[in-house]
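Here is the structure we will look at.
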Amino acid sequence: MQSFVCLPTADSITFHFEIYILHFTFFIMSSDIEKIKERINIVDVIGSYIKLQKAGNNLKANCPFHSEKTPSFFVSPGRNMYHCFGCGAKGDIFTFVQEFEGLDFSGALKLLASRAGVVLKQQSKENRDEITQMFTILEEATRFFENNIKQKDGQNQESLDYLKKRGVSENTIRNFRIGFAPNSWRSLYEHLKKENFSEKMMFDVGLVRKTEKGFYDYFRNRIMFPIFDSADRVVAFSGRILSGENEKIPKYINSPETELYNKSQILYGYNKAKHSMRKNNFCILVEGQMDLILSHQSGFSNTVALSGTSLTGYHLNLIKKLTNNLIIALDSDNAGIASAKKGSEIAILAGMDVKIAELESSKDPAEIILKNKDDWRKIIKKSQHAIDFFINFIEKKNFPERKFWKEIREKILPMVGKIDNKIDQAHFIYSISSKTGIPEDSLKEELVKIKNEIYSNSEKFVQNNRGILNGTKEGGVEKLYRIDIIKRKIKGLILWQKSLQEPSINLEKIIKKFEEIVGENIFKEDSSIMPSTEQVGGDDYDLMFDTEMNYLEKEDASYEIEELLLNLAGELLKEKLKITTSEMKKAEKENNEEKVEKLLNTCSILSKEIQNKKEELLKLKRVYPKNK
C-alpha cells in the first residue's frame, strides 16, 4: 500500500496540540476512574437505582431507558458492563449514571467518587474546561453567601432571624447551604474578582448584570438558596428578599437560564430527595424553597419543588425514573389549584398514579408545617387521587345541576380519558356516577363523544414529550448546549430591541446575518414580520424580560449582538471540526488514506476559520474597549 507524508501546517499543529491536551487531561483522570471501579461494582451501582433479578451469571431488569414489559436489560458483573437488547443502551457505571441522572461525565465522576470515597485530583484553573469553571465559580459564590450568613451581625442576623421565624433549624441551613447576599451593589463581584474569575464567567452563570457603568451583583439583600443538579453541584440560585422591603420588588428572583440551568429541567431538592423517593416509592411535589425545606425537615425527604415554572415532561421524567407515584401539594389559592390540575393531567397522561394533598384554605405547606408538622403528615396520608379530589372540589362549589354537569364534562371526563388503563377508567366512571348520580352509561357515552378531543390532546403531549418520557433524549433531559444558549440570547436581544421605540441595532440586518450563520429562521416565519411586544408570550416573554433586566441601563446593544453572532459562528465551526475529527478517526481505522488526507485538510481549514473568528472577536473588543 502506498504511503504518503503530509507536512503539518501551523493550524494543524494547533489542532493536534489541542487533541493532545484532551488526551493528557483524560490520562490524569483515568487513575481516579480506575480507583472508583475497583471500589464499587456495577451491580451495586445499578441495583441502587432499579430492581435487578438473577439470570444465570448475569442480572436482568426492565430497562430504565425505554418502556418495556419483558426484561431486556442485562448487567454483567464479570465484564462490569450493562446492555439492553431492546433499545441498545450499553456501557459501564459512568455511562449508566450519566444517562439515568441526566449528568455530564464530570458530574457522574463526582457522584461516583463521593460514593466510592475517592478524592478527585484537583486541576489548575487554567486546565479546567469552561463548563467546569462555571461549576467552580458557582461553588465559590455559594461559599461567599454561606460565610455571610454565618457572621450573625447586622443584615446577616436579620436573615437568620427570618429563617428562625419560619421554623428553619441551623442544621437545615447548613444542609441546604442557605446563605445571604449583602445589600451591596458589588460585594460578590469584588470577591470573585479577587479569586481571579473573569467578568464574562460571572455574567455567563448569572451572578452579575452588565450596564454602561460596569458590572453589579444580580442578587442583593436576599436570602440565598442554591439550586443543585443531581450530582450536588450548584447550577443556579433562588434569592428571597428580606421581609419588610418595598412591595414592588419581587419576593423571589431566580438565576437567569444558563448552560447549566434550565428551570423547566431542574427540580429543587431532587439531589437530596432521589434516594428517599425510590425507598418510599412516592414523591411529594411542592411549589417553593421554604415548602420543600420544611417538608424535608419534618421527615418527608422525598419532597421536590418547582423553580418558578409549571410541571413539565422533563420534571416527570426525573420523578418517573424513581417512582410512579406522585402527590401534588401546591398552594391552596386559585393559582395553586389551577397548577395542580394542569400538573395532574400531564402526569396521568404520562402513566403515573397522581394524588392531591388538600391544604387548608389560604395555606401553603410551609405555614402548615410551622404550625404543626403532624398536620402535614396527616394531610399527606389523606391525599386523594387527582380525579376524586377535583370531583369533590367541584361539588363544594354548589353549582346548579346544569352547571355542575358541565364542569364534570369539561374538567373531569377529559382527565378520565387520559388514563391508559381501562380498568382504572371503569373505576372512575363508577366513582363519578356514585358521587354525582349521573348514570354510568351516560358518562361512558359522553366519554366516547369527547374521545377524539382527548386523543388529539394526548397525542400532542406524547409527541412533544415522547423523547423525554421514554428517556431517548440524553439522560432523559435535553441539555441546552452552548450553541442553543447563544441562539436564545440572540433571540432575547432581538425581542427586547423590538420592544423599544428606538432600537440600537439594525434588526433586519441582524436577523439576516443570523440566518446566514445557522441556516434557519429564528422566528420560524417570515423574518420581515417581527412579533410585536403584545404578541410575545410564554417563554419568549420570559426571555425578553430576562434580557431587558440583564441590559437594564444599556443604551447600545451593538457590541453584545455582534459578539454573540461571532461566538455562534465559532461554536458551529467547532461542532463541524468535532464531526470531521470523528470521521477522520474512522477513516484511519479503515486505512482509507485518501479520505484521511482530505479530512485532515478540512480540519486544517476549519481550525483556521475558528482562529479567524477569535481574531474578529479581538478586533471587536478593540472597537468597543469599554465592553472588555
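Order determines the names: the first chain of the C-alpha cells is A, the second B, and so forth; residues in each chain are numbered 1 upward, and ligands are numbered 1 upward as they are shown.
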
For this session: Name all residues at most 7 Å from Ser230 in chain A (count only C-alpha atoms; drop same-chain ones fewer than 4 positions away) and give them as an NGL selection string.
Result: :A and (101 or 270-271)

Convert the current residue selection to file output with all heavy atoms, as a PDB file, in the first residue's frame.
```pdb
ATOM      1  N   GLU A 101     -29.107   9.786  35.614  1.00  0.00           N
ATOM      2  CA  GLU A 101     -29.187  11.030  36.388  1.00  0.00           C
ATOM      3  C   GLU A 101     -29.275  12.265  35.496  1.00  0.00           C
ATOM      4  O   GLU A 101     -29.551  13.358  35.987  1.00  0.00           O
ATOM      5  CB  GLU A 101     -27.959  11.164  37.290  1.00  0.00           C
ATOM      6  CG  GLU A 101     -27.815  10.065  38.336  1.00  0.00           C
ATOM      7  CD  GLU A 101     -28.562  10.399  39.611  1.00  0.00           C
ATOM      8  OE1 GLU A 101     -29.340  11.363  39.605  1.00  0.00           O
ATOM      9  OE2 GLU A 101     -28.372   9.686  40.613  1.00  0.00           O
ATOM     10  N   TYR A 270     -34.078  17.836  44.354  1.00  0.00           N
ATOM     11  CA  TYR A 270     -34.031  16.484  43.781  1.00  0.00           C
ATOM     12  C   TYR A 270     -32.771  15.749  44.206  1.00  0.00           C
ATOM     13  O   TYR A 270     -32.800  14.534  44.441  1.00  0.00           O
ATOM     14  CB  TYR A 270     -34.114  16.571  42.251  1.00  0.00           C
ATOM     15  CG  TYR A 270     -34.117  15.233  41.548  1.00  0.00           C
ATOM     16  CD1 TYR A 270     -35.283  14.482  41.454  1.00  0.00           C
ATOM     17  CD2 TYR A 270     -32.956  14.715  40.968  1.00  0.00           C
ATOM     18  CE1 TYR A 270     -35.300  13.253  40.806  1.00  0.00           C
ATOM     19  CE2 TYR A 270     -32.957  13.485  40.316  1.00  0.00           C
ATOM     20  CZ  TYR A 270     -34.128  12.767  40.236  1.00  0.00           C
ATOM     21  OH  TYR A 270     -34.132  11.551  39.594  1.00  0.00           O
ATOM     22  N   ASN A 271     -31.655  16.474  44.324  1.00  0.00           N
ATOM     23  CA  ASN A 271     -30.390  15.852  44.718  1.00  0.00           C
ATOM     24  C   ASN A 271     -30.485  15.203  46.097  1.00  0.00           C
ATOM     25  O   ASN A 271     -29.862  14.181  46.367  1.00  0.00           O
ATOM     26  CB  ASN A 271     -29.257  16.883  44.700  1.00  0.00           C
ATOM     27  CG  ASN A 271     -29.515  18.060  45.633  1.00  0.00           C
ATOM     28  OD1 ASN A 271     -30.612  18.625  45.629  1.00  0.00           O
ATOM     29  ND2 ASN A 271     -28.539  18.444  46.425  1.00  0.00           N
TER      30      ASN A 271
END
```

For this session: Once DSSP has gone over the backbone, tell me which residues of range 209-342 of chain A are in strand (DSSP E), as a PyMOL selection string.
Result: chain A and resi 209-211+214-217+222-228+234-241+252-254+283-286+303-305+325-328

Exercise. Counting only C-alpha atoms, what is within 7 Å of Asn62 in chain A, bar same-chain residues fewer than 3 positions away, as a PyMOL selection string?
Worked result: chain A and resi 68-73

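Reported to one decimal place, the separation of CA of Thr303 in chain A from CA of Gly288 in chain A is 10.9 Å.
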
Exercise. Do you know which residues are at most 10 Å from range 355-371 of chain A counting only C-alpha atoms, after dropping those on the same chain fewer than 3 positions away, and could you put them as a ChimeraX atom specification?
Worked result: /A:165-168,284-295,297-298,325-334,336-337,340-341,344,348,352,374-390,393

Write a file of the selected residues as a compact mmCIF listing (two decimals), in the first residue's frame, keeping C-alpha atoms.
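Wrote result36.txt, looks like this:
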```txt
# COMPACT_ATOMS: atom_id res chain seq x y z
CA LYS A 165 -39.13 32.70 62.48
CA ARG A 166 -40.12 30.47 59.53
CA GLY A 167 -39.04 27.41 61.53
CA VAL A 168 -35.78 26.60 59.71
CA ILE A 284 -44.24 14.89 47.02
CA LEU A 285 -44.25 17.95 44.74
CA VAL A 286 -44.39 21.43 46.32
CA GLU A 287 -44.07 24.92 44.91
CA GLY A 288 -41.21 26.75 46.60
CA GLN A 289 -37.95 26.55 48.54
CA MET A 290 -39.44 27.09 52.01
CA ASP A 291 -42.14 24.47 51.38
CA LEU A 292 -39.51 21.92 50.40
CA ILE A 293 -37.03 22.73 53.16
CA LEU A 294 -39.62 22.44 55.93
CA SER A 295 -41.08 19.28 54.39
CA GLN A 297 -37.05 18.97 57.98
CA SER A 298 -40.32 17.38 59.14
CA ASN A 325 -46.47 7.68 42.45
CA LEU A 326 -46.82 11.45 42.76
CA ILE A 327 -48.51 13.57 45.44
CA ILE A 328 -49.04 17.18 44.35
CA ALA A 329 -49.11 19.61 47.29
CA LEU A 330 -49.24 23.10 45.79
CA ASP A 331 -50.69 26.21 47.40
CA SER A 332 -54.43 26.24 48.10
CA ASP A 333 -55.08 29.54 46.27
CA ASN A 334 -56.65 29.69 42.80
CA GLY A 336 -52.15 26.68 43.06
CA ILE A 337 -55.33 24.73 42.27
CA ALA A 340 -52.24 21.25 40.39
CA LYS A 341 -54.92 20.44 37.81
CA SER A 344 -52.19 16.19 37.33
CA ILE A 348 -51.82 11.00 34.39
CA MET A 352 -48.42 8.00 36.74
CA ASP A 374 -48.09 16.41 62.43
CA ASP A 375 -50.81 18.17 60.43
CA TRP A 376 -48.57 17.92 57.38
CA ARG A 377 -48.17 14.19 57.95
CA LYS A 378 -51.95 13.76 58.17
CA ILE A 379 -52.51 15.81 55.00
CA ILE A 380 -50.05 13.68 53.02
CA LYS A 381 -51.62 10.50 54.38
CA LYS A 382 -55.15 11.66 53.43
CA SER A 383 -54.22 12.78 49.91
CA GLN A 384 -56.78 11.76 47.27
CA HIS A 385 -56.46 10.59 43.70
CA ALA A 386 -56.48 13.68 41.47
CA ILE A 387 -59.83 12.79 39.87
CA ASP A 388 -61.54 12.24 43.24
CA PHE A 389 -60.04 15.48 44.54
CA PHE A 390 -61.34 17.58 41.64
CA PHE A 393 -63.63 20.39 44.61
```

For this session: Write out as a ChimeraX atom specification which residues come within 7 Å of range 144-148 of chain A when counting only C-alpha atoms, dropping same-chain ones fewer than 6 positions away.
Result: /A:156,177-181,224

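Separating CA of Leu447 in chain A from CA of Lys396 in chain A is a distance of 23.4 Å.
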
For this session: Please identify all polymer residues within 9 Å of Trp185 in chain A, counting only C-alpha atoms, omitting same-chain residues fewer than 4 positions from it, and present them as an MDAnalysis selection string.
Result: chainID A and resid 189 215:220

Produce a file of the selected residues containing all heavy atoms, as a compact mmCIF listing (two decimals), in the first residue's frame.
```
# COMPACT_ATOMS: atom_id res chain seq x y z
N TYR A 189 -19.22 40.57 43.28
CA TYR A 189 -18.37 40.86 42.12
C TYR A 189 -16.92 41.09 42.56
O TYR A 189 -15.99 40.51 41.99
CB TYR A 189 -18.90 42.10 41.40
CG TYR A 189 -17.98 42.66 40.34
CD1 TYR A 189 -17.95 42.11 39.07
CD2 TYR A 189 -17.15 43.74 40.63
CE1 TYR A 189 -17.10 42.63 38.09
CE2 TYR A 189 -16.30 44.26 39.67
CZ TYR A 189 -16.27 43.70 38.40
OH TYR A 189 -15.43 44.20 37.44
N PHE A 215 -20.26 46.33 35.89
CA PHE A 215 -21.00 45.17 36.39
C PHE A 215 -21.48 45.40 37.82
O PHE A 215 -20.83 46.10 38.60
CB PHE A 215 -20.09 43.93 36.38
CG PHE A 215 -19.73 43.46 35.00
CD1 PHE A 215 -18.62 43.98 34.33
CD2 PHE A 215 -20.50 42.51 34.34
CE1 PHE A 215 -18.28 43.54 33.06
CE2 PHE A 215 -20.18 42.07 33.07
CZ PHE A 215 -19.07 42.59 32.43
N TYR A 216 -22.62 44.80 38.14
CA TYR A 216 -23.09 44.82 39.53
C TYR A 216 -23.79 43.50 39.85
O TYR A 216 -24.20 42.77 38.95
CB TYR A 216 -24.02 46.02 39.77
CG TYR A 216 -25.33 46.00 39.03
CD1 TYR A 216 -26.47 45.44 39.62
CD2 TYR A 216 -25.44 46.55 37.76
CE1 TYR A 216 -27.68 45.43 38.94
CE2 TYR A 216 -26.65 46.54 37.07
CZ TYR A 216 -27.77 45.98 37.68
OH TYR A 216 -28.97 45.96 37.01
N ASP A 217 -23.90 43.21 41.14
CA ASP A 217 -24.43 41.92 41.59
C ASP A 217 -25.89 41.74 41.20
O ASP A 217 -26.70 42.65 41.36
CB ASP A 217 -24.30 41.79 43.11
CG ASP A 217 -22.85 41.70 43.57
OD1 ASP A 217 -21.97 41.58 42.70
OD2 ASP A 217 -22.61 41.77 44.79
N TYR A 218 -26.22 40.55 40.73
CA TYR A 218 -27.61 40.21 40.38
C TYR A 218 -28.46 40.04 41.63
O TYR A 218 -29.62 40.45 41.67
CB TYR A 218 -27.60 38.92 39.55
CG TYR A 218 -28.93 38.50 38.99
CD1 TYR A 218 -29.43 39.07 37.81
CD2 TYR A 218 -29.72 37.54 39.62
CE1 TYR A 218 -30.65 38.68 37.28
CE2 TYR A 218 -30.94 37.15 39.10
CZ TYR A 218 -31.40 37.72 37.94
OH TYR A 218 -32.62 37.35 37.42
N PHE A 219 -27.88 39.43 42.68
CA PHE A 219 -28.60 39.20 43.93
C PHE A 219 -28.08 40.17 45.00
O PHE A 219 -26.88 40.20 45.28
CB PHE A 219 -28.40 37.76 44.42
CG PHE A 219 -28.94 36.72 43.48
CD1 PHE A 219 -28.10 36.05 42.60
CD2 PHE A 219 -30.29 36.39 43.49
CE1 PHE A 219 -28.60 35.08 41.74
CE2 PHE A 219 -30.80 35.43 42.63
CZ PHE A 219 -29.95 34.77 41.75
N ARG A 220 -29.00 40.92 45.62
CA ARG A 220 -28.62 41.86 46.67
C ARG A 220 -29.70 41.84 47.76
O ARG A 220 -30.89 41.85 47.48
CB ARG A 220 -28.49 43.28 46.11
CG ARG A 220 -27.50 43.41 44.97
CD ARG A 220 -27.39 44.85 44.44
NE ARG A 220 -28.67 45.42 44.09
CZ ARG A 220 -29.33 45.15 42.96
NH1 ARG A 220 -28.82 44.29 42.08
NH2 ARG A 220 -30.48 45.72 42.70
```

For this session: List the neighbours of Arg409 in chain A out to 12 Å using only C-alpha atoms; skip same-chain residues closer than 2 positions along the sequence, and give me the result as a PyMOL selection string.
Result: chain A and resi 391+394+402-407+411-417+429+432+436+438+442-451

Hey, can you spit out that residue selection with C-alpha atoms as a PDB file, in the first residue's frame?
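Below is the file part_9.pdb, written as the result:
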```pdb
ATOM      1  CA  ILE A 391     -64.794  15.948  41.755  1.00  0.00           C
ATOM      2  CA  ILE A 394     -66.423  20.949  42.058  1.00  0.00           C
ATOM      3  CA  ARG A 402     -76.733  22.024  34.740  1.00  0.00           C
ATOM      4  CA  LYS A 403     -73.548  23.951  35.582  1.00  0.00           C
ATOM      5  CA  PHE A 404     -72.334  21.058  37.754  1.00  0.00           C
ATOM      6  CA  TRP A 405     -72.782  18.599  34.867  1.00  0.00           C
ATOM      7  CA  LYS A 406     -70.925  20.972  32.535  1.00  0.00           C
ATOM      8  CA  GLU A 407     -67.993  21.170  34.968  1.00  0.00           C
ATOM      9  CA  LYS A 411     -62.900  19.175  33.603  1.00  0.00           C
ATOM     10  CA  ILE A 412     -63.236  15.636  34.930  1.00  0.00           C
ATOM     11  CA  LEU A 413     -64.089  13.371  31.978  1.00  0.00           C
ATOM     12  CA  PRO A 414     -61.071  14.535  29.934  1.00  0.00           C
ATOM     13  CA  MET A 415     -58.864  13.521  32.890  1.00  0.00           C
ATOM     14  CA  VAL A 416     -60.521  10.082  32.962  1.00  0.00           C
ATOM     15  CA  GLY A 417     -59.988   9.785  29.210  1.00  0.00           C
ATOM     16  CA  ILE A 429     -66.627   6.184  35.772  1.00  0.00           C
ATOM     17  CA  ILE A 432     -68.194   9.754  39.314  1.00  0.00           C
ATOM     18  CA  THR A 436     -72.912  12.715  41.169  1.00  0.00           C
ATOM     19  CA  ILE A 438     -75.143  10.590  36.690  1.00  0.00           C
ATOM     20  CA  SER A 442     -74.392   8.436  30.153  1.00  0.00           C
ATOM     21  CA  LEU A 443     -70.846   9.057  31.347  1.00  0.00           C
ATOM     22  CA  LYS A 444     -69.490   6.386  29.002  1.00  0.00           C
ATOM     23  CA  GLU A 445     -71.424   7.818  26.049  1.00  0.00           C
ATOM     24  CA  GLU A 446     -70.122  11.296  26.821  1.00  0.00           C
ATOM     25  CA  LEU A 447     -66.594   9.953  27.156  1.00  0.00           C
ATOM     26  CA  VAL A 448     -66.887   8.427  23.676  1.00  0.00           C
ATOM     27  CA  LYS A 449     -68.091  11.774  22.285  1.00  0.00           C
ATOM     28  CA  ILE A 450     -65.043  13.603  23.571  1.00  0.00           C
ATOM     29  CA  LYS A 451     -62.539  10.807  22.856  1.00  0.00           C
TER      30      LYS A 451
END
```

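Distances here use only C-alpha atoms; by that measure, the residue among A:Phe203, A:Lys321, A:Gly214, A:Lys37 closest to Phe65 in chain A is A:Lys321.
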
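Closest to Ala557 in chain A among A:Gly492, A:Gly299, A:Gly308, A:Gly269 is A:Gly492, based on only C-alpha atoms.
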
For this session: Using only C-alpha atoms, pick whichever of A:Thr136, A:Ser310, A:Ser264, A:Thr258 has the shortest atom-to-atom distance to Arg488 in chain A.
Result: A:Thr258

For this session: Quick one: pull the distance between CA of Leu111 in chain A and CA of Thr172 in chain A, Å, one decimal.
Result: 21.7 Å
